[in-house]
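Before any comments, here is the structure.
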Amino acid sequence: MSKRLRSSEVCADCSVPDPSWASVNRGTFICDECCSVHRSLGRHISQVRHLKHTPWPPTLLQMVETLYNNGANSIWEHSLLDPASIISGRRKANPQDKVHPHKAEFIRAKYQMLAFVHRLPCRDDDSVTAKDLSKQLHSSVRTGNLETCLRLLSLGAQANFFHPEKGNTPLHVASKAGQILQAELLAVYGADPGTQDSSGKTPVDYARQGGHHELAERLVEIQYELTDRLAFYLCGRKPDHKNGQHFIIPQMADSSLDLSELAKAAKKKLQSLNNHLFEELAMDVYDEVDRRETDAVWLATQNHSTLVTETTVVPFLPVNPEYSSTRNQGRQKLARFNAHEFATLVIDILSDAKRRQQGSPLSSSKDNVELILKTINNQHSTENQDNDQPDYDSVASDEDPDLEATAGKANRQKSLDSDLSDGPVTVQEFMEVKNALVASEAKIQQLMKVNNNLSDELRIMQKKLLGKDAN
């Protein structure tokens, strides 16, 4: 796009000039007010980043800019471009509209309900349609047409689709062709860099064989995105993957203190989770890290007299309808953890992720794979189509752990002991921890106030920003 057009960027949702945020998975730029609504939708709908005050992998930012410049917003507003829309009274939000309810209602219709996206003709078998779209995606990623691939993904193409005839995934194709921006887009929609093709090669292997070294290094970073983000949240540093360092596990300043018996029991529960449950827990903690960091950046960059209100604060993780009510309740409980307790939980997650990758007698050999190293964006992948997966209720902390590792939805008939058969957990152990937690619930309610959490995280982010400016 020309510099003239680049200088007149506007919010994709209300046309306010000079937007300062991006919705990564939608390929759009958005203003502060619209961002407050995007944040309340959840990462499964919109993944927001500040254009200046959030660290960006260069090629990820380039991917979003390319989509924006090539009209990605028209994908989400397809029917609004039809003159008939004006006649029917349908229109997009404008700068003069109030955030609530006007802009909020439009944004929810646009991204959550996909009310304006072009619809394919109805077919009896939707799975056939998704398969056809995925095959088109498989062919399209070898080119640089990002907007075509985003359109296919918006219609239901699967980023992790394994082509039965070709024997590989779209990410294998993009990596072999050296299409780094296509790889970024696929990863945002859940593509796994560790997936093997029919000959046992990963996308990283194809990138290295083709001499696409920048792409290969970026794919490794994507593979460790979850644990890298958790480490950066704690200490502002990321592992040096080029030199074989894949984990950074900081220590608490008061790590010499003896852990309470309750905390030790909670940590044991974390270690005994099978890999699927542990991955769900880690993904939820990642989402909470993102919520805290994004809220801190948002608060630090806003006009507090006009924008910071009860309606623009995101006090806990929004509900994801693809998850059970039990898991959503557990996700929301993460907001109760104060900074120290949450940091302790993150350290425990990092430690156990490393243990599981390297292998340990605490988990069976078949589970010693890098499930935890998938990107958090795998929430968009096909594994979430199975709504009958086990869930956990809440998570562990240091002083007042709240780990209730349930084995499924409330209406499931399987016993807890059966569902947790992959780890050394008994019903008696579970009930002992659960009963001990009842006494601590009142204390948790008093200590973990949303405003205090936001203040803690804001101070942390301000220190990081001051440190970066000093360097």
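Chain labels A, B, ... are given in the sequence in which chains occur in the structure tokens; within each chain residues are numbered consecutively from 1, and ligands are likewise numbered from 1 in the order shown.
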
Using only C-alpha atoms, determine which residues lie at most 12 Å from segment 107-114 of chain A, disregarding the query and same-chain residues fewer than 5 positions distant; provide the list as a PyMOL selection string.
chain A and resi 11-14+23+25-28+30+33-47+73-80+90-94+99-102+119+154-156+320-321

For the selection just defined, write its residues with N, CA and C atoms to a file, as a CSV table (one decimal), in the first residue's frame.
```
chain,number,residue,atom,x,y,z
A,11,CYS,N,-9.5,3.0,12.2
A,11,CYS,CA,-10.0,1.9,13.0
A,11,CYS,C,-10.9,1.1,12.1
A,12,ALA,N,-10.7,-0.2,12.0
A,12,ALA,CA,-11.5,-1.1,11.2
A,12,ALA,C,-13.0,-1.2,11.6
A,13,ASP,N,-13.3,-0.8,12.8
A,13,ASP,CA,-14.6,-0.9,13.3
A,13,ASP,C,-15.4,0.4,13.4
A,14,CYS,N,-14.7,1.5,13.6
A,14,CYS,CA,-15.5,2.8,13.7
A,14,CYS,C,-14.9,3.9,12.9
A,23,SER,N,-5.9,-6.3,16.0
A,23,SER,CA,-6.5,-7.6,16.2
A,23,SER,C,-5.7,-8.6,15.4
A,25,ASN,N,-5.5,-11.9,14.9
A,25,ASN,CA,-6.2,-13.0,14.1
A,25,ASN,C,-7.2,-12.5,13.1
A,26,ARG,N,-7.6,-11.2,13.2
A,26,ARG,CA,-8.5,-10.6,12.3
A,26,ARG,C,-7.8,-9.8,11.2
A,27,GLY,N,-6.6,-9.5,11.4
A,27,GLY,CA,-5.8,-8.7,10.4
A,27,GLY,C,-6.3,-7.3,10.3
A,28,THR,N,-6.7,-6.7,11.5
A,28,THR,CA,-7.2,-5.3,11.4
A,28,THR,C,-6.5,-4.4,12.5
A,30,ILE,N,-7.3,-1.3,15.2
A,30,ILE,CA,-8.5,-0.8,16.0
A,30,ILE,C,-8.1,0.3,16.9
A,33,GLU,N,-11.1,2.7,22.0
A,33,GLU,CA,-12.4,2.4,22.5
A,33,GLU,C,-12.9,1.1,21.9
A,34,CYS,N,-12.6,0.8,20.7
A,34,CYS,CA,-13.0,-0.5,20.1
A,34,CYS,C,-12.2,-1.6,20.7
A,35,CYS,N,-11.0,-1.3,21.1
A,35,CYS,CA,-10.1,-2.3,21.7
A,35,CYS,C,-10.7,-2.8,23.0
A,36,SER,N,-11.3,-1.8,23.8
A,36,SER,CA,-11.9,-2.2,25.1
A,36,SER,C,-13.0,-3.3,24.9
A,37,VAL,N,-13.7,-3.2,23.7
A,37,VAL,CA,-14.7,-4.2,23.5
A,37,VAL,C,-14.1,-5.5,23.0
A,38,HIS,N,-13.0,-5.4,22.1
A,38,HIS,CA,-12.3,-6.6,21.7
A,38,HIS,C,-11.8,-7.4,22.9
A,39,ARG,N,-11.2,-6.7,23.9
A,39,ARG,CA,-10.6,-7.4,25.0
A,39,ARG,C,-11.7,-8.2,25.8
A,40,SER,N,-12.9,-7.6,25.8
A,40,SER,CA,-14.0,-8.3,26.6
A,40,SER,C,-14.5,-9.5,25.9
A,41,LEU,N,-14.1,-9.7,24.6
A,41,LEU,CA,-14.6,-10.9,23.8
A,41,LEU,C,-13.8,-12.1,24.1
A,42,GLY,N,-12.6,-12.0,24.5
A,42,GLY,CA,-11.7,-13.1,24.7
A,42,GLY,C,-10.8,-13.4,23.5
A,43,ARG,N,-9.7,-14.1,23.8
A,43,ARG,CA,-8.7,-14.4,22.8
A,43,ARG,C,-9.2,-15.3,21.7
A,44,HIS,N,-10.2,-16.1,22.0
A,44,HIS,CA,-10.7,-17.0,21.0
A,44,HIS,C,-11.5,-16.3,20.0
A,45,ILE,N,-11.9,-15.0,20.2
A,45,ILE,CA,-12.5,-14.2,19.3
A,45,ILE,C,-11.5,-13.2,18.7
A,46,SER,N,-10.8,-12.4,19.5
A,46,SER,CA,-9.9,-11.4,19.0
A,46,SER,C,-8.6,-11.4,19.9
A,47,GLN,N,-7.5,-11.5,19.3
A,47,GLN,CA,-6.2,-11.4,20.0
A,47,GLN,C,-5.6,-10.0,19.7
A,73,ASN,N,-10.3,-6.3,6.3
A,73,ASN,CA,-11.5,-5.9,7.0
A,73,ASN,C,-12.7,-6.2,6.1
A,74,SER,N,-12.6,-6.3,4.8
A,74,SER,CA,-13.7,-6.5,4.0
A,74,SER,C,-14.2,-8.0,4.1
A,75,ILE,N,-13.4,-8.9,4.6
A,75,ILE,CA,-13.8,-10.2,4.9
A,75,ILE,C,-14.9,-10.2,6.0
A,76,TRP,N,-14.6,-9.4,7.1
A,76,TRP,CA,-15.5,-9.4,8.2
A,76,TRP,C,-16.7,-8.5,8.0
A,77,GLU,N,-16.7,-7.6,6.9
A,77,GLU,CA,-17.8,-6.7,6.7
A,77,GLU,C,-18.3,-6.9,5.2
A,78,HIS,N,-18.2,-8.1,4.8
A,78,HIS,CA,-18.6,-8.4,3.4
A,78,HIS,C,-20.0,-7.9,3.0
A,79,SER,N,-21.0,-8.3,3.8
A,79,SER,CA,-22.4,-7.9,3.4
A,79,SER,C,-22.6,-6.4,3.6
A,80,LEU,N,-21.8,-5.7,4.4
A,80,LEU,CA,-22.1,-4.3,4.6
A,80,LEU,C,-21.6,-3.5,3.4
A,90,ARG,N,-28.7,-1.4,7.9
A,90,ARG,CA,-27.5,-2.0,8.6
A,90,ARG,C,-26.3,-1.1,8.2
A,91,ARG,N,-25.5,-0.8,9.2
A,91,ARG,CA,-24.3,0.1,9.0
A,91,ARG,C,-23.3,-0.3,10.0
A,92,LYS,N,-22.0,0.1,9.8
A,92,LYS,CA,-21.0,-0.1,10.8
A,92,LYS,C,-21.0,1.1,11.7
A,93,ALA,N,-20.3,1.0,12.8
A,93,ALA,CA,-20.2,2.0,13.8
A,93,ALA,C,-19.4,3.2,13.2
A,94,ASN,N,-19.6,4.4,13.8
A,94,ASN,CA,-18.9,5.6,13.4
A,94,ASN,C,-18.2,6.2,14.6
A,99,VAL,N,-19.4,3.9,22.9
A,99,VAL,CA,-18.9,2.6,23.0
A,99,VAL,C,-20.0,1.6,23.4
A,100,HIS,N,-20.8,1.9,24.4
A,100,HIS,CA,-21.9,1.1,24.8
A,100,HIS,C,-23.1,1.9,24.7
A,101,PRO,N,-24.1,1.4,24.0
A,101,PRO,CA,-24.1,0.0,23.4
A,101,PRO,C,-23.7,-0.1,21.9
A,102,HIS,N,-23.6,1.1,21.2
A,102,HIS,CA,-23.5,1.1,19.8
A,102,HIS,C,-22.3,0.3,19.2
A,119,ARG,N,-21.3,-16.0,3.3
A,119,ARG,CA,-21.7,-17.3,3.6
A,119,ARG,C,-21.7,-18.2,2.4
A,154,SER,N,-11.6,-18.0,7.6
A,154,SER,CA,-12.8,-17.4,8.2
A,154,SER,C,-14.0,-18.2,7.8
A,155,LEU,N,-14.0,-19.0,6.7
A,155,LEU,CA,-15.1,-19.8,6.3
A,155,LEU,C,-15.1,-21.2,6.9
A,156,GLY,N,-14.0,-21.6,7.6
A,156,GLY,CA,-14.0,-22.9,8.2
A,156,GLY,C,-12.8,-23.8,7.8
A,320,ASN,N,-15.4,-18.8,27.2
A,320,ASN,CA,-15.2,-19.4,25.9
A,320,ASN,C,-16.3,-20.5,25.8
A,321,PRO,N,-17.3,-20.3,24.9
A,321,PRO,CA,-18.4,-21.3,24.8
A,321,PRO,C,-18.0,-22.7,24.4
```

Pick out the residues sitting within 12 Å of Gly167 of chain A, and hand them over as a CSV table (one decimal) with C-alpha atoms, in the first residue's frame; count only C-alpha atoms, and ignore anything fewer than 2 positions along from it in its own chain.
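Contents of out_0.csv, freshly written:
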```
chain,number,residue,atom,x,y,z
A,135,LYS,CA,-7.6,-28.3,0.6
A,138,HIS,CA,-3.4,-26.2,1.4
A,161,PHE,CA,-5.6,-30.0,8.1
A,162,PHE,CA,-3.6,-33.2,7.1
A,163,HIS,CA,-4.0,-33.6,3.4
A,164,PRO,CA,-4.7,-37.4,2.8
A,165,GLU,CA,-3.2,-37.4,-0.7
A,169,THR,CA,-0.3,-29.9,6.4
A,170,PRO,CA,-0.6,-26.3,5.1
A,171,LEU,CA,2.3,-25.3,7.3
A,172,HIS,CA,4.5,-27.9,5.7
A,173,VAL,CA,3.7,-26.4,2.3
A,195,THR,CA,3.4,-31.9,13.3
A,196,GLN,CA,5.1,-34.6,11.2
A,197,ASP,CA,4.2,-35.3,7.6
A,198,SER,CA,3.9,-38.8,6.1
A,199,SER,CA,7.7,-39.1,5.9
A,200,GLY,CA,8.3,-37.9,9.5
A,201,LYS,CA,9.4,-34.3,8.6
A,202,THR,CA,8.2,-31.2,10.5
```

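Here atom CA of Phe29 of chain A stands at a distance of 28.3 Å from atom CA of Asp456 of chain A.
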
Secondary structure check, strand (DSSP E or B) residues of segment 14-98 of chain A, as an MDAnalysis selection string:
chainID A and resid 17 21:23 28:30 48:50

Let me see the file: selected residues, C-alpha atoms, as a short mmCIF file (atom, residue, chain, number, x, y, z; two decimals), in the first residue's frame.
```
data_model
loop_
_atom_site.label_atom_id
_atom_site.label_comp_id
_atom_site.auth_asym_id
_atom_site.auth_seq_id
_atom_site.Cartn_x
_atom_site.Cartn_y
_atom_site.Cartn_z
CA PRO A 17 -7.99 7.81 12.55
CA TRP A 21 -4.09 -1.50 18.55
CA ALA A 22 -4.25 -4.53 16.28
CA SER A 23 -6.46 -7.60 16.25
CA THR A 28 -7.22 -5.30 11.45
CA PHE A 29 -6.15 -2.14 13.29
CA ILE A 30 -8.50 -0.82 15.97
CA VAL A 48 -5.22 -7.80 20.59
CA ARG A 49 -1.78 -6.21 20.78
CA HIS A 50 -0.73 -2.58 21.16
#
```

Env of His246 of chain A: 10 Å cut, atoms = only C-alpha atoms, seq-sep filter 2 positions within chain, self excluded. Answer as a list in words.
Val220, Glu221, Tyr224, Thr227, Asp228, Lys238, Pro239, Asp240, His241, Lys242, Asn243, Gly244, Ile248 and Lys354 of chain A

Could you write those residues out with all heavy atoms, as a CSV table (one decimal), in the first residue's frame?
```
chain,number,residue,atom,x,y,z
A,220,VAL,N,10.5,-22.4,15.4
A,220,VAL,CA,10.9,-22.9,16.7
A,220,VAL,C,10.4,-22.0,17.8
A,220,VAL,O,9.9,-22.5,18.8
A,220,VAL,CB,12.5,-23.0,16.8
A,220,VAL,CG1,12.9,-23.3,18.2
A,220,VAL,CG2,13.0,-24.0,15.8
A,221,GLU,N,10.4,-20.7,17.6
A,221,GLU,CA,9.9,-19.7,18.6
A,221,GLU,C,8.4,-20.0,18.7
A,221,GLU,O,7.9,-19.9,19.9
A,221,GLU,CB,10.1,-18.3,18.1
A,221,GLU,CG,11.6,-17.9,18.2
A,221,GLU,CD,11.8,-16.4,17.7
A,221,GLU,OE1,10.8,-15.8,17.2
A,221,GLU,OE2,12.9,-15.9,17.8
A,224,TYR,N,7.6,-22.9,20.9
A,224,TYR,CA,7.7,-22.6,22.4
A,224,TYR,C,7.0,-21.3,22.8
A,224,TYR,O,7.4,-20.8,23.9
A,224,TYR,CB,9.2,-22.5,22.7
A,224,TYR,CG,10.0,-23.8,22.6
A,224,TYR,CD1,10.6,-24.3,21.4
A,224,TYR,CD2,10.1,-24.6,23.7
A,224,TYR,CE1,11.2,-25.5,21.4
A,224,TYR,CE2,10.7,-25.8,23.7
A,224,TYR,CZ,11.3,-26.3,22.5
A,224,TYR,OH,12.0,-27.5,22.5
A,227,THR,N,5.5,-21.3,26.6
A,227,THR,CA,6.4,-21.2,27.8
A,227,THR,C,7.3,-20.0,27.6
A,227,THR,O,7.7,-19.4,28.7
A,227,THR,CB,7.3,-22.5,27.8
A,227,THR,OG1,7.9,-22.7,26.5
A,227,THR,CG2,6.6,-23.7,28.3
A,228,ASP,N,7.6,-19.5,26.4
A,228,ASP,CA,8.3,-18.3,26.3
A,228,ASP,C,7.5,-17.1,26.8
A,228,ASP,O,8.1,-16.2,27.5
A,228,ASP,CB,8.6,-18.0,24.8
A,228,ASP,CG,9.8,-18.8,24.3
A,228,ASP,OD1,10.3,-19.7,25.0
A,228,ASP,OD2,10.2,-18.6,23.1
A,238,LYS,N,13.5,-14.0,27.3
A,238,LYS,CA,13.1,-15.2,26.6
A,238,LYS,C,14.3,-16.1,26.4
A,238,LYS,O,15.4,-15.6,26.3
A,238,LYS,CB,12.4,-14.9,25.3
A,238,LYS,CG,11.1,-14.2,25.4
A,238,LYS,CD,10.5,-14.0,24.0
A,238,LYS,CE,9.1,-13.3,24.1
A,238,LYS,NZ,8.4,-13.1,22.8
A,239,PRO,N,14.0,-17.4,26.3
A,239,PRO,CA,15.1,-18.3,26.1
A,239,PRO,C,15.9,-18.1,24.8
A,239,PRO,O,15.3,-17.5,23.8
A,239,PRO,CB,14.5,-19.7,26.1
A,239,PRO,CG,13.2,-19.5,26.8
A,239,PRO,CD,12.7,-18.1,26.5
A,240,ASP,N,17.1,-18.5,24.7
A,240,ASP,CA,17.9,-18.4,23.5
A,240,ASP,C,17.8,-19.7,22.7
A,240,ASP,O,18.6,-20.6,22.8
A,240,ASP,CB,19.4,-18.1,23.9
A,240,ASP,CG,20.3,-17.9,22.7
A,240,ASP,OD1,19.7,-17.9,21.5
A,240,ASP,OD2,21.5,-17.7,22.9
A,241,HIS,N,16.8,-19.8,21.9
A,241,HIS,CA,16.5,-21.1,21.2
A,241,HIS,C,17.6,-21.4,20.2
A,241,HIS,O,17.9,-22.6,19.9
A,241,HIS,CB,15.2,-21.0,20.4
A,241,HIS,CG,14.0,-20.8,21.4
A,241,HIS,ND1,13.6,-21.8,22.2
A,241,HIS,CD2,13.2,-19.7,21.6
A,241,HIS,CE1,12.6,-21.4,22.9
A,241,HIS,NE2,12.3,-20.1,22.5
A,242,LYS,N,18.3,-20.4,19.6
A,242,LYS,CA,19.3,-20.6,18.6
A,242,LYS,C,20.5,-21.5,19.2
A,242,LYS,O,21.1,-22.2,18.5
A,242,LYS,CB,19.9,-19.3,18.1
A,242,LYS,CG,18.9,-18.5,17.2
A,242,LYS,CD,19.6,-17.2,16.7
A,242,LYS,CE,18.6,-16.4,15.9
A,242,LYS,NZ,19.2,-15.1,15.4
A,243,ASN,N,20.7,-21.2,20.5
A,243,ASN,CA,21.8,-21.9,21.2
A,243,ASN,C,21.3,-23.1,22.1
A,243,ASN,O,22.0,-23.6,23.0
A,243,ASN,CB,22.6,-21.0,22.0
A,243,ASN,CG,23.4,-19.9,21.2
A,243,ASN,OD1,23.9,-20.3,20.2
A,243,ASN,ND2,23.3,-18.7,21.6
A,244,GLY,N,20.1,-23.5,21.8
A,244,GLY,CA,19.6,-24.7,22.5
A,244,GLY,C,19.0,-24.5,23.8
A,244,GLY,O,18.6,-25.5,24.5
A,248,ILE,N,13.4,-20.9,30.4
A,248,ILE,CA,13.9,-20.0,31.5
A,248,ILE,C,12.9,-20.2,32.6
A,248,ILE,O,11.7,-19.9,32.4
A,248,ILE,CB,14.0,-18.5,31.1
A,248,ILE,CG1,15.1,-18.3,30.0
A,248,ILE,CG2,14.3,-17.7,32.3
A,248,ILE,CD1,15.3,-16.9,29.6
A,354,LYS,N,8.9,-28.3,31.4
A,354,LYS,CA,10.2,-28.8,31.1
A,354,LYS,C,10.4,-30.2,31.5
A,354,LYS,O,10.9,-31.0,30.7
A,354,LYS,CB,11.2,-27.9,31.8
A,354,LYS,CG,12.7,-28.3,31.5
A,354,LYS,CD,13.7,-27.4,32.3
A,354,LYS,CE,15.1,-27.7,31.9
A,354,LYS,NZ,16.1,-26.8,32.6
```

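Distance annotation: of A:Pro55, A:Glu105, A:Asp284, A:Ala300, the residue with the minimal separation from Val319 of chain A is A:Asp284; atom set is only C-alpha atoms.
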
Find the spatial neighbours of Ile349 of chain A, counting only C-alpha atoms, within a cut-off of 9 Å - ignore same-chain residues fewer than 5 positions away - and output them as an MDAnalysis selection string.
chainID A and resid 227 230 270 278 281:282 285 344 354

Within 12 Å of Ala174 of chain A using only C-alpha atoms, minus same-chain residues under 4 positions, as a PyMOL selection string:
chain A and resi 137-146+149+159+168-170+178-187+191+193+202-204+206-207+210+212+215-216+219

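You will find atom CA of Leu234 of chain A at 10.1 Å from atom CA of Ala339 of chain A.
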
Residues flagged alpha helix (DSSP H) by DSSP in segment 31-239 of chain A, as a ChimeraX atom specification
/A:32-41,58-69,73-76,83-88,104-107,126-140,146-155,170-177,180-188,203-209,213-223,225-235

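The residue that comes closest to Gln158 of chain A, out of A:Lys176, A:Lys131, A:Lys464, A:Arg459 and on the basis of only C-alpha atoms, is A:Lys131.
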
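Closest approach to Phe337 of chain A among A:Glu457, A:Asp132, A:Asp82, A:Asp295 is made by A:Glu457 (distances from only C-alpha atoms).
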